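The next block is upload_9.cif, given as mmCIF, C-alpha atoms and all ligand atoms.
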```
data_protein
#
loop_
_atom_site.label_atom_id
_atom_site.label_comp_id
_atom_site.auth_asym_id
_atom_site.auth_seq_id
_atom_site.Cartn_x
_atom_site.Cartn_y
_atom_site.Cartn_z
CA MET A 1 0.00 0.00 0.00
CA SER A 2 1.12 3.59 -0.55
CA GLN A 3 3.18 5.47 2.06
CA THR A 4 0.27 7.84 2.55
CA CYS A 5 -2.97 5.96 2.67
CA VAL A 6 -6.54 7.29 2.58
CA ILE A 7 -8.57 5.62 5.33
CA GLY A 8 -12.36 5.89 5.56
CA LEU A 9 -14.36 5.72 8.81
CA PRO A 10 -18.07 5.29 8.00
CA THR A 11 -21.13 5.67 10.21
CA GLU A 12 -22.41 2.21 11.17
CA THR A 13 -25.71 1.23 9.54
CA LYS A 14 -26.73 -1.95 11.41
CA ASP A 15 -29.90 -1.68 13.52
CA ARG A 16 -29.25 0.59 16.55
CA GLU A 17 -25.49 0.17 16.15
CA ARG A 18 -23.84 3.18 17.79
CA ARG A 19 -20.18 2.17 17.92
CA VAL A 20 -17.39 3.68 15.85
CA ALA A 21 -14.16 1.84 14.98
CA LEU A 22 -11.68 4.66 15.82
CA THR A 23 -11.87 7.27 18.55
CA PRO A 24 -10.59 10.80 17.80
CA SER A 25 -7.37 10.08 19.70
CA ALA A 26 -6.73 6.95 17.61
CA VAL A 27 -7.41 9.01 14.47
CA ALA A 28 -4.80 11.53 15.65
CA SER A 29 -2.21 8.77 15.93
CA VAL A 30 -3.03 7.53 12.41
CA VAL A 31 -2.82 11.08 10.98
CA ASP A 32 0.51 11.57 12.82
CA ARG A 33 1.89 8.68 10.74
CA GLY A 34 1.16 10.65 7.57
CA HIS A 35 -2.17 9.10 6.54
CA ARG A 36 -5.41 10.87 5.56
CA VAL A 37 -8.51 9.86 7.51
CA LEU A 38 -11.95 10.60 6.04
CA VAL A 39 -14.64 10.54 8.73
CA GLN A 40 -18.30 10.42 7.72
CA ALA A 41 -20.12 13.26 9.47
CA GLY A 42 -21.82 11.91 12.59
CA ALA A 43 -19.82 8.63 12.64
CA GLY A 44 -18.81 9.06 16.29
CA GLU A 45 -21.93 10.77 17.56
CA GLY A 46 -23.58 7.64 18.99
CA ALA A 47 -20.45 6.94 21.03
CA GLY A 48 -20.16 10.52 22.29
CA PHE A 49 -17.46 11.75 19.86
CA ALA A 50 -18.41 14.94 18.00
CA ASP A 51 -17.42 15.72 14.42
CA ASN A 52 -15.32 18.55 15.78
CA ASP A 53 -13.30 16.13 17.94
CA TYR A 54 -12.31 14.27 14.75
CA LYS A 55 -11.55 17.53 12.95
CA GLU A 56 -9.25 18.60 15.77
CA ALA A 57 -7.58 15.18 15.56
CA GLY A 58 -6.68 15.94 11.93
CA ALA A 59 -9.45 14.04 10.13
CA GLU A 60 -11.28 15.34 7.06
CA LEU A 61 -15.05 15.27 7.50
CA VAL A 62 -17.05 13.98 4.52
CA ALA A 63 -20.79 14.22 4.11
CA GLY A 64 -21.98 10.75 3.22
CA PRO A 65 -21.16 7.08 2.64
CA ASP A 66 -20.19 7.52 -1.04
CA ASP A 67 -17.24 9.75 -0.07
CA VAL A 68 -16.06 7.64 2.84
CA TRP A 69 -16.23 4.32 0.94
CA ALA A 70 -14.13 5.93 -1.84
CA ALA A 71 -11.10 5.63 0.52
CA GLU A 72 -8.36 3.01 -0.09
CA VAL A 73 -9.02 1.32 3.26
CA VAL A 74 -12.38 1.30 5.06
CA VAL A 75 -12.24 0.55 8.77
CA LYS A 76 -15.52 -0.08 10.55
CA VAL A 77 -17.27 -2.10 13.27
CA LYS A 78 -19.99 -4.44 12.01
CA GLU A 79 -20.21 -6.50 8.86
CA PRO A 80 -21.34 -4.43 5.85
CA GLN A 81 -25.11 -4.36 5.42
CA PRO A 82 -26.70 -5.21 2.02
CA ALA A 83 -27.02 -1.50 1.11
CA GLU A 84 -23.21 -1.24 1.42
CA TYR A 85 -22.31 -4.20 -0.84
CA GLY A 86 -22.37 -1.85 -3.86
CA TYR A 87 -19.27 -0.08 -2.50
CA PHE A 88 -17.08 -3.21 -2.76
CA ARG A 89 -14.42 -3.00 -5.50
CA PRO A 90 -11.12 -4.71 -6.31
CA ASP A 91 -8.85 -1.87 -5.11
CA LEU A 92 -10.61 -1.52 -1.72
CA THR A 93 -9.35 -3.01 1.55
CA LEU A 94 -11.94 -3.60 4.26
CA PHE A 95 -11.01 -4.07 7.95
CA THR A 96 -13.97 -4.94 10.19
CA TYR A 97 -15.95 -7.73 11.89
CA LEU A 98 -17.25 -10.06 9.17
CA HIS A 99 -18.40 -13.34 10.87
CA LEU A 100 -18.73 -14.85 7.40
CA ALA A 101 -19.73 -18.35 8.60
CA ALA A 102 -23.16 -16.86 9.38
CA GLU A 103 -23.24 -14.53 6.32
CA PRO A 104 -23.39 -16.47 3.03
CA GLU A 105 -24.75 -13.54 1.00
CA LEU A 106 -22.09 -11.15 2.27
CA THR A 107 -19.39 -13.75 1.59
CA ARG A 108 -20.59 -14.14 -2.00
CA ALA A 109 -20.74 -10.34 -2.51
CA LEU A 110 -17.18 -9.95 -1.18
CA VAL A 111 -15.86 -12.75 -3.40
CA GLU A 112 -17.60 -11.46 -6.52
CA SER A 113 -16.28 -7.91 -5.98
CA GLY A 114 -12.56 -8.75 -5.84
CA ILE A 115 -12.15 -6.75 -2.59
CA HIS A 116 -9.51 -7.54 0.08
CA ALA A 117 -11.51 -8.18 3.27
CA TYR A 118 -9.74 -8.57 6.62
CA ALA A 119 -11.86 -9.78 9.56
CA TYR A 120 -11.19 -8.72 13.15
CA GLU A 121 -12.53 -11.95 14.60
CA THR A 122 -10.06 -14.29 12.91
CA LEU A 123 -6.86 -12.25 13.49
CA THR A 124 -4.78 -14.58 15.64
CA GLU A 125 -1.88 -13.68 17.90
CA ARG A 126 -0.13 -16.30 20.06
CA GLY A 127 -3.29 -18.45 19.90
CA LEU A 128 -5.53 -15.58 21.05
CA LEU A 129 -8.03 -13.42 19.15
CA PRO A 130 -7.02 -9.87 20.18
CA LEU A 131 -9.56 -8.08 17.98
CA LEU A 132 -12.49 -10.27 19.09
CA ALA A 133 -11.58 -10.26 22.79
CA PRO A 134 -12.53 -6.64 23.65
CA MET A 135 -16.08 -7.07 22.32
CA SER A 136 -16.41 -10.57 23.82
CA GLU A 137 -15.44 -9.09 27.16
CA ILE A 138 -18.21 -6.50 26.88
CA ALA A 139 -20.80 -8.93 25.45
CA GLY A 140 -20.04 -11.41 28.24
CA ARG A 141 -20.50 -8.79 30.96
CA ALA A 142 -23.71 -7.66 29.23
CA ALA A 143 -25.03 -11.24 28.99
CA ALA A 144 -25.08 -11.54 32.78
CA ILE A 145 -27.03 -8.29 33.13
CA ILE A 146 -29.42 -9.13 30.28
CA GLY A 147 -29.99 -12.70 31.51
CA ALA A 148 -30.83 -11.47 35.01
CA GLU A 149 -33.22 -8.89 33.59
CA LYS A 150 -34.98 -11.29 31.20
CA LEU A 151 -35.64 -13.71 34.10
CA SER A 152 -37.85 -11.10 35.76
CA ALA A 153 -41.58 -11.67 35.42
CA ALA A 154 -41.95 -8.16 34.02
CA GLN A 155 -39.81 -9.20 31.03
CA GLY A 156 -41.64 -12.50 30.43
CA GLY A 157 -39.24 -14.61 32.51
CA SER A 158 -40.02 -17.14 35.24
CA GLY A 159 -39.59 -14.50 37.97
CA THR A 160 -36.41 -16.06 39.36
CA LEU A 161 -33.92 -13.78 41.13
CA MET A 162 -30.28 -14.67 40.49
CA GLY A 163 -29.11 -14.74 44.09
CA GLY A 164 -32.17 -16.47 45.60
CA ALA A 165 -32.98 -15.61 49.22
CA ALA A 166 -32.54 -17.07 52.72
CA GLY A 167 -33.86 -20.63 52.45
CA VAL A 168 -34.26 -20.39 48.65
CA PRO A 169 -31.42 -21.58 46.39
CA PRO A 170 -29.91 -19.21 43.82
CA ALA A 171 -30.73 -19.41 40.10
CA LYS A 172 -28.90 -22.14 38.19
CA THR A 173 -26.95 -20.81 35.24
CA LEU A 174 -24.98 -22.64 32.57
CA VAL A 175 -22.28 -21.00 30.47
CA ILE A 176 -21.35 -22.88 27.27
CA GLY A 177 -17.79 -21.99 26.22
CA MET A 178 -15.55 -20.58 28.93
CA GLY A 179 -13.43 -18.32 26.69
CA VAL A 180 -13.41 -14.53 26.95
CA ALA A 181 -17.19 -13.96 26.65
CA GLY A 182 -18.11 -16.97 28.78
CA THR A 183 -15.66 -15.99 31.51
CA MET A 184 -17.00 -12.46 31.74
CA ALA A 185 -20.60 -13.73 31.77
CA ALA A 186 -19.69 -16.14 34.58
CA ARG A 187 -17.99 -13.38 36.57
CA GLY A 188 -21.11 -11.22 36.26
CA LEU A 189 -23.40 -14.07 37.27
CA ARG A 190 -21.24 -14.96 40.26
CA GLY A 191 -21.30 -11.28 41.14
CA VAL A 192 -25.05 -11.48 41.70
CA ASP A 193 -24.69 -14.79 43.59
CA ALA A 194 -26.13 -17.10 40.90
CA HIS A 195 -24.87 -20.70 40.76
CA VAL A 196 -22.67 -21.01 37.66
CA THR A 197 -21.63 -24.16 35.82
CA GLY A 198 -19.05 -23.70 33.07
CA VAL A 199 -19.04 -26.02 30.04
CA ASP A 200 -16.11 -26.38 27.65
CA VAL A 201 -14.16 -28.89 25.57
CA ASP A 202 -10.95 -27.45 27.01
CA LEU A 203 -10.39 -29.12 30.38
CA GLN A 204 -7.42 -26.92 31.26
CA ARG A 205 -9.64 -23.85 30.87
CA LEU A 206 -12.29 -25.41 33.14
CA TYR A 207 -9.62 -26.34 35.69
CA ASP A 208 -8.23 -22.80 35.76
CA HIS A 209 -11.66 -21.16 36.10
CA HIS A 210 -12.77 -23.55 38.82
CA LEU A 211 -9.57 -22.97 40.74
CA ASP A 212 -9.76 -19.17 40.48
CA GLY A 213 -13.41 -19.20 41.60
CA THR A 214 -14.99 -17.84 38.39
CA ILE A 215 -17.40 -20.79 38.34
CA ASP A 216 -19.01 -23.04 40.97
CA ALA A 217 -18.85 -26.22 38.90
CA THR A 218 -17.41 -27.52 35.65
CA GLN A 219 -18.82 -29.78 32.96
CA VAL A 220 -17.07 -31.21 29.93
CA SER A 221 -19.05 -30.54 26.74
CA GLU A 222 -20.74 -33.92 26.24
CA THR A 223 -24.32 -34.15 24.97
CA ALA A 224 -25.98 -36.22 27.70
CA ALA A 225 -24.34 -34.34 30.56
CA VAL A 226 -25.10 -30.95 29.01
CA ALA A 227 -28.74 -32.05 28.55
CA ALA A 228 -29.11 -32.70 32.28
CA HIS A 229 -27.73 -29.25 33.15
CA VAL A 230 -29.90 -27.47 30.54
CA ARG A 231 -33.06 -29.12 31.93
CA ASP A 232 -32.33 -27.65 35.37
CA ALA A 233 -31.01 -24.26 34.27
CA ASP A 234 -32.79 -20.93 34.70
CA LEU A 235 -30.36 -19.27 32.31
CA VAL A 236 -28.11 -20.68 29.57
CA VAL A 237 -25.46 -18.40 28.04
CA GLY A 238 -24.02 -19.59 24.70
CA ALA A 239 -20.41 -18.53 24.03
CA ALA A 240 -18.73 -21.49 22.26
CA LEU A 241 -16.46 -20.63 19.35
CA VAL A 242 -14.31 -22.46 16.81
CA PRO A 243 -12.59 -19.49 15.09
CA GLY A 244 -13.83 -18.89 11.55
CA ALA A 245 -16.28 -21.82 11.64
CA ARG A 246 -19.99 -22.06 12.18
CA ALA A 247 -20.53 -22.31 15.96
CA PRO A 248 -20.80 -25.88 17.28
CA VAL A 249 -24.39 -26.71 18.26
CA VAL A 250 -23.99 -27.75 21.88
CA VAL A 251 -27.61 -27.33 23.05
CA THR A 252 -30.23 -29.15 20.94
CA GLU A 253 -33.88 -28.23 20.46
CA GLU A 254 -34.88 -31.30 22.51
CA MET A 255 -32.82 -29.93 25.43
CA ILE A 256 -34.48 -26.50 25.17
CA ALA A 257 -37.92 -28.17 25.22
CA THR A 258 -37.11 -29.65 28.66
CA MET A 259 -36.47 -26.24 30.28
CA ARG A 260 -38.94 -24.66 32.71
CA PRO A 261 -41.28 -22.10 31.09
CA GLY A 262 -39.87 -18.60 31.52
CA SER A 263 -36.27 -19.79 31.55
CA VAL A 264 -33.88 -17.72 29.44
CA VAL A 265 -31.16 -18.32 26.85
CA VAL A 266 -28.70 -15.65 25.73
CA ASP A 267 -26.78 -16.98 22.72
CA LEU A 268 -23.80 -14.70 22.11
CA ALA A 269 -22.41 -17.19 19.59
CA ILE A 270 -25.29 -16.26 17.27
CA ASP A 271 -22.87 -14.10 15.27
CA GLN A 272 -21.24 -17.36 14.13
CA GLY A 273 -24.60 -19.12 13.65
CA GLY A 274 -25.39 -19.90 17.33
CA CYS A 275 -24.43 -22.74 19.69
CA ILE A 276 -28.07 -23.26 20.76
CA ALA A 277 -30.18 -25.00 18.10
CA THR A 278 -33.27 -22.83 18.62
CA ALA A 279 -31.32 -19.55 18.39
CA ARG A 280 -31.87 -17.29 15.41
CA PRO A 281 -30.48 -13.76 14.99
CA THR A 282 -32.41 -10.92 16.62
CA SER A 283 -31.83 -7.17 16.65
CA LEU A 284 -31.42 -4.54 19.34
CA SER A 285 -34.84 -3.16 18.26
CA ASP A 286 -36.53 -6.55 18.70
CA PRO A 287 -34.16 -8.62 20.83
CA THR A 288 -36.23 -11.57 22.11
CA TYR A 289 -38.69 -14.26 21.08
CA VAL A 290 -40.15 -17.24 22.94
CA GLU A 291 -39.74 -20.82 21.77
CA HIS A 292 -40.75 -23.92 23.80
CA GLY A 293 -41.70 -21.41 26.53
CA VAL A 294 -38.07 -20.25 26.79
CA VAL A 295 -37.14 -16.57 26.29
CA HIS A 296 -34.41 -16.33 23.62
CA TYR A 297 -32.12 -13.26 23.39
CA CYS A 298 -29.90 -13.63 20.31
CA VAL A 299 -28.69 -10.14 19.38
CA THR A 300 -25.69 -10.16 17.03
CA ASN A 301 -24.32 -6.78 18.17
CA VAL A 302 -24.70 -6.78 21.96
CA PRO A 303 -21.82 -4.30 22.58
CA GLY A 304 -23.58 -1.81 20.26
CA GLN A 305 -25.71 -0.75 23.22
CA PHE A 306 -22.62 0.27 25.22
CA PRO A 307 -21.00 2.36 22.47
CA ARG A 308 -18.84 4.61 24.64
CA THR A 309 -16.98 1.77 26.36
CA ALA A 310 -17.08 -0.55 23.35
CA SER A 311 -15.77 2.02 20.83
CA ALA A 312 -12.85 2.95 23.09
CA ALA A 313 -11.98 -0.72 23.68
CA LEU A 314 -12.28 -1.66 20.01
CA SER A 315 -10.34 1.38 18.80
CA ALA A 316 -7.47 0.65 21.18
CA ALA A 317 -7.12 -2.83 19.68
CA VAL A 318 -7.77 -1.87 16.05
CA ALA A 319 -5.60 1.27 15.63
CA PRO A 320 -2.14 -0.36 15.95
CA ARG A 321 -3.14 -3.21 13.62
CA LEU A 322 -4.62 -0.77 11.10
CA LEU A 323 -1.24 0.99 10.99
CA ARG A 324 0.46 -2.34 10.31
CA LEU A 325 -2.10 -3.19 7.62
CA VAL A 326 -1.54 0.03 5.70
CA ALA A 327 2.23 -0.29 6.05
CA ASP A 328 2.39 -3.93 4.93
CA PRO A 329 -0.72 -6.08 4.32
CA THR A 330 1.45 -9.20 4.61
CA ASP A 331 2.68 -8.29 8.13
CA PRO A 332 2.66 -11.51 10.23
CA ALA A 333 0.91 -9.54 12.99
CA LEU A 334 -2.22 -9.76 10.81
CA GLU A 335 -2.15 -13.56 10.68
CA GLY A 336 -5.54 -15.14 10.05
CA ALA A 337 -7.30 -11.85 9.36
CA LEU A 338 -7.50 -12.00 5.55
CA ASN A 339 -10.78 -13.79 4.71
CA VAL A 340 -11.44 -12.84 1.08
CA ALA A 341 -9.06 -11.56 -1.61
CA ASP A 342 -8.98 -11.25 -5.41
CA GLY A 343 -12.24 -13.12 -5.96
CA ALA A 344 -11.65 -16.06 -3.59
CA VAL A 345 -12.07 -17.07 0.05
CA VAL A 346 -8.56 -17.34 1.49
CA HIS A 347 -9.22 -18.24 5.14
CA PRO A 348 -9.13 -22.05 5.32
CA VAL A 349 -11.92 -22.51 7.89
CA VAL A 350 -14.21 -20.00 6.17
CA ALA A 351 -13.45 -21.68 2.83
CA SER A 352 -14.51 -25.07 4.21
CA THR A 353 -17.87 -23.52 5.25
CA PHE A 354 -18.51 -22.39 1.65
CA PRO A 355 -17.28 -25.23 -0.61
CA ASP A 356 -19.26 -23.80 -3.55
CA LEU A 357 -17.28 -20.51 -3.59
CA PRO A 358 -13.86 -20.08 -5.22
CA SER A 359 -11.10 -20.58 -2.66
CA ARG A 360 -7.36 -20.06 -2.39
CA ALA A 361 -7.03 -21.38 1.17
N1 LIG A 401 -23.48 -11.43 20.03
C1 LIG A 401 -22.54 -10.51 20.19
O1 LIG A 401 -22.80 -9.32 20.19
C2 LIG A 401 -21.12 -10.94 20.43
C3 LIG A 401 -20.16 -10.01 20.86
C4 LIG A 401 -18.85 -10.46 21.08
C5 LIG A 401 -18.53 -11.80 20.86
N2 LIG A 401 -19.50 -12.65 20.42
C6 LIG A 401 -19.26 -14.06 20.14
O2 LIG A 401 -19.13 -14.81 21.32
C7 LIG A 401 -18.52 -16.06 20.95
C8 LIG A 401 -17.40 -16.40 21.93
O3 LIG A 401 -16.31 -15.51 21.71
P1 LIG A 401 -15.00 -15.58 22.64
O4 LIG A 401 -14.17 -14.42 22.27
O5 LIG A 401 -15.38 -15.78 24.04
O6 LIG A 401 -14.30 -16.89 22.09
P2 LIG A 401 -13.11 -17.70 22.81
O7 LIG A 401 -12.34 -18.32 21.71
O8 LIG A 401 -12.40 -16.85 23.80
O9 LIG A 401 -13.90 -18.84 23.63
C9 LIG A 401 -14.63 -19.84 22.99
C10 LIG A 401 -14.66 -21.04 23.92
O10 LIG A 401 -15.55 -22.00 23.34
C11 LIG A 401 -14.99 -23.28 23.64
N3 LIG A 401 -15.60 -24.30 22.80
C12 LIG A 401 -15.33 -24.65 21.53
N4 LIG A 401 -16.10 -25.66 21.14
C13 LIG A 401 -16.91 -25.97 22.19
C14 LIG A 401 -17.93 -26.94 22.42
N5 LIG A 401 -18.28 -27.81 21.46
N6 LIG A 401 -18.53 -26.97 23.63
C15 LIG A 401 -18.19 -26.10 24.61
N7 LIG A 401 -17.22 -25.17 24.46
C16 LIG A 401 -16.60 -25.10 23.25
C17 LIG A 401 -13.49 -23.07 23.41
O11 LIG A 401 -12.73 -24.11 23.99
C18 LIG A 401 -13.30 -21.72 24.09
O12 LIG A 401 -12.99 -21.86 25.46
C19 LIG A 401 -18.05 -15.85 19.51
O13 LIG A 401 -18.97 -16.40 18.60
C20 LIG A 401 -18.01 -14.36 19.39
O14 LIG A 401 -18.06 -13.92 18.04
C21 LIG A 401 -20.78 -12.23 20.21
#
```
Kindly present the structure from the file in C-alpha cells form.
Ligand SMILES: NC(=O)c1ccc[n+]([C@@H]2O[C@H](COP(=O)([O-])OP(=O)(O)OC[C@H]3O[C@@H](n4cnc5c(N)ncnc54)[C@H](O)[C@@H]3O)[C@@H](O)[C@H]2O)c1
Amino acid sequence: MSQTCVIGLPTETKDRERRVALTPSAVASVVDRGHRVLVQAGAGEGAGFADNDYKEAGAELVAGPDDVWAAEVVVKVKEPQPAEYGYFRPDLTLFTYLHLAAEPELTRALVESGIHAYAYETLTERGLLPLLAPMSEIAGRAAAIIGAEKLSAAQGGSGTLMGGAAGVPPAKTLVIGMGVAGTMAARGLRGVDAHVTGVDVDLQRLYDHHLDGTIDATQVSETAAVAAHVRDADLVVGAALVPGARAPVVVTEEMIATMRPGSVVVDLAIDQGGCIATARPTSLSDPTYVEHGVVHYCVTNVPGQFPRTASAALSAAVAPRLLRLVADPTDPALEGALNVADGAVVHPVVASTFPDLPSRA
C-alpha cells in the first residue's frame, strides 16, 4: 500500500449500532503517521465523539457514505449491510468484523467484488483473538445483566432472582464456552450470587476457572451431561467458538424443550450461527422471542448498546493493527485476518464452510 494511505471511517448502519471503529485520539495517531482519515459526518456521535473532535484530531469530514467508501481502506465495526455491498471493488481493503460463517450472501458479494476483506474476529496472535476479545469481554459482561433482567416476570421470565434468598437456592446458570465472553458472563453471574456451571471442551480452561473461583462447577461438553444441566437451568449463556467456523451446536432443540417455562437463553455465539439449536439472529430493536416457553435473546451486536466503552476498547485494539495493515498487508501480525481476496475465500476454515465458492485457502 502507498506510504500515505486514505482511510475511511463510516457511520455504522446496522440496527441501533452506535459504535465507531476509531476514537478521535486513535485518528490523531493515524494522521501523525502521515495518513489521511476521512470521517463520515456523525460517525462518532452515537459513542459521544463529536465531528469537531475528529476535525481537531486531523481528520477530514465527509458528508456521506459515497465519499467515505471511496477511501483506499475502510475501517468499521460491524459486517457491511446489504445496502453497502455496492461499495465493494477490487482496489478496496476492508477491515472490520465479518463473521462470514453466518453470512453467506455477504461472503458471496465480497468474493464477486474482488475486494480484500480482513476480519477482526479471525486475526490470531499467540493463539488468542485480540480483535475479538474486547467485544467478547463487553458482550459477556452484558449477557449476565441481560440474563438477570430477562428472568424477571416483568420481562416475560419465570420471575427467578439470580441470588435467591434465605432458604431459597440461587438461580442455576450454565455458560457454554468458557473463553473470553463466557468468563466475563460467569464473573457477572457470580457477582449477583447465581450458581454457575461452566461447560467447555478445554479441560485446562475449566480447571483454571474452577480454581480461580470464576465458576461453581465444571462440565465437559458432552451431549448427555449438558442435557441434564440445561433441563435444570434458569439461564443458559451460549459462548462457544471455533474461530472462523460455524458455531458448534452444543444445546439441541430437545434440550431446550425440557427447560422450565420462563427460563432464558442468551446466545452470544449467534454471530457465528449460534451454539443453541433454537437460536436465530435478533436485533437490538426486537431482541427476544419465545420458543418452547423459553425466552431467547440472540442479538448479534450486543456491545452496540454500550458504544462509549465498546468504541474505546475496540479502537485501542484496532488502531495499531490498522497501521500495520496500511504499512504492509502481509505483516505476520495480521495472521488469520485475511478472509477474502482477489475473488476467492482465502481463510481455510471460512473456505470449508462455503465449498461452492472459489477458494485459495
Ligand atoms: N453477540 C454478540 O454481540 C457478540 C459479541 C462479542 C462476541 N460474540 C461471540 O461470542 C462467541 C465467543 O467468543 P470468545 O471471544 O469468548 O471466544 P473464545 O475463543 O475466547 O472462547 C470460545 C470457547 O468455546 C470453547 N468451545 C469450543 N467448542 C466448544 C464446544 N463444542 N462446547 C463447549 N465449548 C466449546 C473453546 O474451547 C473456548 O474456550 C463468539 O462467537 C463471538 O463472536 C458475540
* To do: For Asp342 of chain A, please output as a list in words all residues within 12 Å (counting all atoms listed in the file; exclusion window: fewer than 5 positions along the same chain).
  =>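 Selected residues are Phe88, Arg89, Pro90, Asp91, Leu92, Thr93, Leu110, Val111, Glu112, Ser113, Gly114, Ile115, His116, Ala117, Pro358, Ser359 and Arg360 of chain A.
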* Asked: So how many Å separate atom CA of Arg205 of chain A and atom O12 of ligand LIG 401 (chain A), to one decimal?
  ->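 A separation of 6.7 Å between them.
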* To do: Identify which of the residues A:Ala239, A:Val168, A:Ala21, A:Ile256 lies closest to Ala310 of chain A, counting all atoms listed in the file when measuring atom-to-atom distances.
  => A:Ala21
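Distance check against ligand LIG 401 (chain A) using only C-alpha atoms and all ligand atoms: of A:Gln155, A:Ser136, A:Gln305, A:Thr107, the minimum falls on A:Ser136.
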* Nearby residues, ligand LIG 401 (chain A), 8 Å, all atoms listed in the file, as number ranges by chain -> A: 99, 121, 128-129, 132-140, 176-183, 199-202, 205, 220-222, 238-243, 247-250, 267-274, 298-304
Could the residues in this selection be written to a file with C-alpha atoms, as a short mmCIF file (atom, residue, chain, number, x, y, z; two decimals), in the coordinates of the input?
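To be explicit, this is the file written out as result_11.cif:
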```cif
data_model
loop_
_atom_site.label_atom_id
_atom_site.label_comp_id
_atom_site.auth_asym_id
_atom_site.auth_seq_id
_atom_site.Cartn_x
_atom_site.Cartn_y
_atom_site.Cartn_z
CA HIS A 99 -18.40 -13.34 10.87
CA GLU A 121 -12.53 -11.95 14.60
CA LEU A 128 -5.53 -15.58 21.05
CA LEU A 129 -8.03 -13.42 19.15
CA LEU A 132 -12.49 -10.27 19.09
CA ALA A 133 -11.58 -10.26 22.79
CA PRO A 134 -12.53 -6.64 23.65
CA MET A 135 -16.08 -7.07 22.32
CA SER A 136 -16.41 -10.57 23.82
CA GLU A 137 -15.44 -9.09 27.16
CA ILE A 138 -18.21 -6.50 26.88
CA ALA A 139 -20.80 -8.93 25.45
CA GLY A 140 -20.04 -11.41 28.24
CA ILE A 176 -21.35 -22.88 27.27
CA GLY A 177 -17.79 -21.99 26.22
CA MET A 178 -15.55 -20.58 28.93
CA GLY A 179 -13.43 -18.32 26.69
CA VAL A 180 -13.41 -14.53 26.95
CA ALA A 181 -17.19 -13.96 26.65
CA GLY A 182 -18.11 -16.97 28.78
CA THR A 183 -15.66 -15.99 31.51
CA VAL A 199 -19.04 -26.02 30.04
CA ASP A 200 -16.11 -26.38 27.65
CA VAL A 201 -14.16 -28.89 25.57
CA ASP A 202 -10.95 -27.45 27.01
CA ARG A 205 -9.64 -23.85 30.87
CA VAL A 220 -17.07 -31.21 29.93
CA SER A 221 -19.05 -30.54 26.74
CA GLU A 222 -20.74 -33.92 26.24
CA GLY A 238 -24.02 -19.59 24.70
CA ALA A 239 -20.41 -18.53 24.03
CA ALA A 240 -18.73 -21.49 22.26
CA LEU A 241 -16.46 -20.63 19.35
CA VAL A 242 -14.31 -22.46 16.81
CA PRO A 243 -12.59 -19.49 15.09
CA ALA A 247 -20.53 -22.31 15.96
CA PRO A 248 -20.80 -25.88 17.28
CA VAL A 249 -24.39 -26.71 18.26
CA VAL A 250 -23.99 -27.75 21.88
CA ASP A 267 -26.78 -16.98 22.72
CA LEU A 268 -23.80 -14.70 22.11
CA ALA A 269 -22.41 -17.19 19.59
CA ILE A 270 -25.29 -16.26 17.27
CA ASP A 271 -22.87 -14.10 15.27
CA GLN A 272 -21.24 -17.36 14.13
CA GLY A 273 -24.60 -19.12 13.65
CA GLY A 274 -25.39 -19.90 17.33
CA CYS A 298 -29.90 -13.63 20.31
CA VAL A 299 -28.69 -10.14 19.38
CA THR A 300 -25.69 -10.16 17.03
CA ASN A 301 -24.32 -6.78 18.17
CA VAL A 302 -24.70 -6.78 21.96
CA PRO A 303 -21.82 -4.30 22.58
CA GLY A 304 -23.58 -1.81 20.26
#
```
